[in-house]
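Below: one structure, written as structure tokens.
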Amino acid sequence: MPPEPSVTVHVPHPLRKYCRGATRFAIAAETVERALDVLEGEHEALYRNLCDETGALRRHLNVFINADNIRDLDGIDTTLKPGDDVTIVPAVSGG
Amino acid sequence: MADRVILTIGTRKGLFVAEGAGPRRRFVLRGPFGPGVPVYATLIDARGAPRIYASSCSPFFGMKLLRSNDLGRSFRETKSAPAFPKDDGRALANIWSLEAGPRRRELLCGVEPASLFRSRNGGNSWEMVPGISNHEHARQWQPGGGGLCLHTIVRDGQRWHLAISTGGHYLSEDGGETFRPSNAGVGAGFAPDPYPEFGQCVHKIARHDDAPGRLYMQNHGGWTEWSGPGGPRPDIGVLRSDDYGRTWNSIARGLPSDFGFPIVVHPHDADTVYVVPLEPETRTCPGGAPAVWRSENGGASWRRLARGFPRRQSYFTVLRDAMDIDRARTPALYMGTTTGQLWIGRDGGEQWDCLFDSLPPIHNVRVAVI
């Protein structure tokens with residue numbers, strides 16, 4: 001089996017304290033779902049901020065692959081290519 | 001050393017802590033703590049070295065629990081927050097109540113969807129309490145206006161009283177192992193059966209150590225005009241039990257409204273109880289004139305306490321956990337409003353003064369004299 005592609009995960013400021021201050025790091029994953037699995041194993045505290053107990057991505061978070069929101073792609077089934085930027089962004093809301 | 005009066009104030013935009021000296025003339029405010037997200041539950045655990053706990057409920061990143069070991073000068077997240085088992089299918093939506101558990105450093109936490117969690121190490125790890133969380137009724141409870149929440153935990157030795165909106169009052173007599181609904185006399189206005197076995201929208205329950213069999217309940221009232229099946233349900237909103245919560249009787253007569261959220265018992269007199277009646281439809285102060293009502297005879301009669309409050313044009317709401325009373329010899333009440341005011345009711349509620357006027361909407365107020 002070929003090695004999983006290496007992608008860069010970009011961490012928003014409020015979550016950097018859950019991954020020792022890292023602004024970004026590389027992981028190997030071929031889909032967004034697999035990337036979340038890797039985060040659960042390697043960065044559990046960060047993962048808990050991204051997904052609830054059922055494994056669902058939290059409702060008010062957006063995940064972009066390069067410039068595209070995964071909601072406009074295949075959701076967590078979206079495939080990743082080597083060199084992709086995976087950016088986690090809290091949804092715009094306020095009040 | 002002079003007594004320190006510590007107030008925790010959970011708001012829609014984080015946690016505040018106010019500290020005053022024994023006379024309670026002036027309080028200094030600290031905060032906001034946390035990332036500016038809603039705080040529905042706080043606890044000042046004064047057993048041993050005091051600790052303060054607060055929920056911190058981020059709509060973005062989920063639930064956290066904050067802990068302070070220095071009386072609210074600084075807070076850090078505990079190592080974990082309550083979470084359902086992975087195969088349960090439910091996901092935590094909010095933390096509604098925090099209470100001290102039976103042993104030191106033990107905590108109990110009521111959450112949404114209605115379930116109970118227990119920590120034995122000051123909030124660093126949690127286990128679900130299955131007796132209520134997996135109760136045969138659990139999947140039949142319905143959300144109230146605030147969500148399906150387990151918001152009240154009252155412990156009396158092996159007897160644990162829980163209040164769920166909308167599930168009603170559940171009683172354990174074996175230290176939280178098993179629970180049964182205990183709602184005889186507790187009315188529901190939103191169902192054809194006025195007195196169901198369970199499913200009531202209980203808003204708050206309070207008790208006093210000197211009268212262990214006595215409990216007071218603020219239930220979801222405001223059904224006097226109901227004309228649907230089952231007929232009108234007057235006075236179901238404020239209730240008392242004298243048999244450890246097995247049966248309940250109305251004590252609402254004499255109040256301007258039987259709708260309200262908090263109910264608080266005087267620390268030195270089990271017959272003295274306070275409520276904040278609200279208009280049932282708008283859930284604001286009747287006639288725009290805020291008042292706390294006090295009974296000194298277990299609910300047989302009530303007296304309006306309004307000295308110091310605005311006399312008109314004031315339409316705030318006081319939520320279920322937004323009133324508390326300290327344990328000083330002459331106690332003061334503390335009441336937070338959805339308009340961000342924190343009021344102190346000096347001399348047992350005889351005189352009200354606004355301590356802080358412009359906080360975010362207040363969900364929760366707790367006080368301890370340390």
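In the structure tokens, chains take the letters A, B, ... in the order shown, each chain's residues start at 1, and ligands count up from 1 in the order shown.
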
Select, as a list in words, those residues of chain A with any atom no more than 8 Å from chain B (distances computed using only C-alpha atoms).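 Listed by rising number, the hits are Arg48, Asn49, Leu50, Asp52, Glu53, Thr54, Gly55, Arg58, Arg59, His60, Leu61, Pro90 and Ala91 of chain A.
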
Requested write-out: N, CA and C atoms of the selected residues, as a PDB file, in the first residue's frame:
ATOM      1  N   ARG A  48     -10.365  16.633  20.843  1.00  0.00           N
ATOM      2  CA  ARG A  48     -11.607  16.801  21.613  1.00  0.00           C
ATOM      3  C   ARG A  48     -12.258  18.144  21.338  1.00  0.00           C
ATOM      4  N   ASN A  49     -11.466  19.115  20.919  1.00  0.00           N
ATOM      5  CA  ASN A  49     -12.027  20.418  20.564  1.00  0.00           C
ATOM      6  C   ASN A  49     -12.664  20.416  19.182  1.00  0.00           C
ATOM      7  N   LEU A  50     -12.271  19.461  18.368  1.00  0.00           N
ATOM      8  CA  LEU A  50     -12.747  19.429  16.987  1.00  0.00           C
ATOM      9  C   LEU A  50     -13.966  18.527  16.812  1.00  0.00           C
ATOM     10  N   ASP A  52     -17.038  15.843  18.728  1.00  0.00           N
ATOM     11  CA  ASP A  52     -17.711  15.468  19.968  1.00  0.00           C
ATOM     12  C   ASP A  52     -17.509  13.974  20.231  1.00  0.00           C
ATOM     13  N   GLU A  53     -18.189  13.491  21.281  1.00  0.00           N
ATOM     14  CA  GLU A  53     -17.978  12.100  21.707  1.00  0.00           C
ATOM     15  C   GLU A  53     -18.378  11.095  20.644  1.00  0.00           C
ATOM     16  N   THR A  54     -19.309  11.481  19.766  1.00  0.00           N
ATOM     17  CA  THR A  54     -19.759  10.533  18.736  1.00  0.00           C
ATOM     18  C   THR A  54     -18.794  10.510  17.550  1.00  0.00           C
ATOM     19  N   GLY A  55     -17.806  11.387  17.578  1.00  0.00           N
ATOM     20  CA  GLY A  55     -16.864  11.465  16.469  1.00  0.00           C
ATOM     21  C   GLY A  55     -17.250  12.493  15.425  1.00  0.00           C
ATOM     22  N   ARG A  58     -17.475  19.169  15.180  1.00  0.00           N
ATOM     23  CA  ARG A  58     -18.345  20.130  15.871  1.00  0.00           C
ATOM     24  C   ARG A  58     -18.999  21.069  14.865  1.00  0.00           C
ATOM     25  N   ARG A  59     -20.242  21.426  15.190  1.00  0.00           N
ATOM     26  CA  ARG A  59     -21.121  22.098  14.222  1.00  0.00           C
ATOM     27  C   ARG A  59     -20.598  23.460  13.797  1.00  0.00           C
ATOM     28  N   HIS A  60     -19.956  24.166  14.714  1.00  0.00           N
ATOM     29  CA  HIS A  60     -19.543  25.533  14.418  1.00  0.00           C
ATOM     30  C   HIS A  60     -18.073  25.630  14.011  1.00  0.00           C
ATOM     31  N   LEU A  61     -17.538  24.527  13.516  1.00  0.00           N
ATOM     32  CA  LEU A  61     -16.166  24.541  12.991  1.00  0.00           C
ATOM     33  C   LEU A  61     -16.202  24.293  11.489  1.00  0.00           C
ATOM     34  N   PRO A  90     -12.910  28.385  13.196  1.00  0.00           N
ATOM     35  CA  PRO A  90     -14.223  28.540  13.844  1.00  0.00           C
ATOM     36  C   PRO A  90     -15.157  29.304  12.926  1.00  0.00           C
ATOM     37  N   ALA A  91     -16.437  28.891  12.887  1.00  0.00           N
ATOM     38  CA  ALA A  91     -17.414  29.564  12.031  1.00  0.00           C
ATOM     39  C   ALA A  91     -17.575  31.014  12.484  1.00  0.00           C
TER      40      ALA A  91
END

Identify all residues of chain A in alpha helix (DSSP H) (DSSP on the backbone) and supply them as a list in words.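 Everything in chain A that counts as alpha helix (DSSP H) is Val32, Glu33, Arg34, Ala35, Leu36, Asp37, Val38, Leu39, Glu40, Gly41, Glu42, Glu44, Ala45, Leu46, Tyr47, Arg48, Asn49 and Leu50 of chain A.
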
Considering only C-alpha atoms, state which residue in the set B:Pro196, B:Pro310, B:Gly185, B:Gly254 is at the smallest distance from Ile236 (chain B). B:Gly185

Please identify all polymer residues within 12 Å of Glu281 (chain B), counting only C-alpha atoms, omitting same-chain residues fewer than 3 positions from it, and present them as a PyMOL selection string. chain B and resi 220-223+225+257-260+277-278+284-286+317

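Computed from the coordinates, the CA of His43 (chain A) to CA of His10 (chain A) distance equals 13.3 Å.
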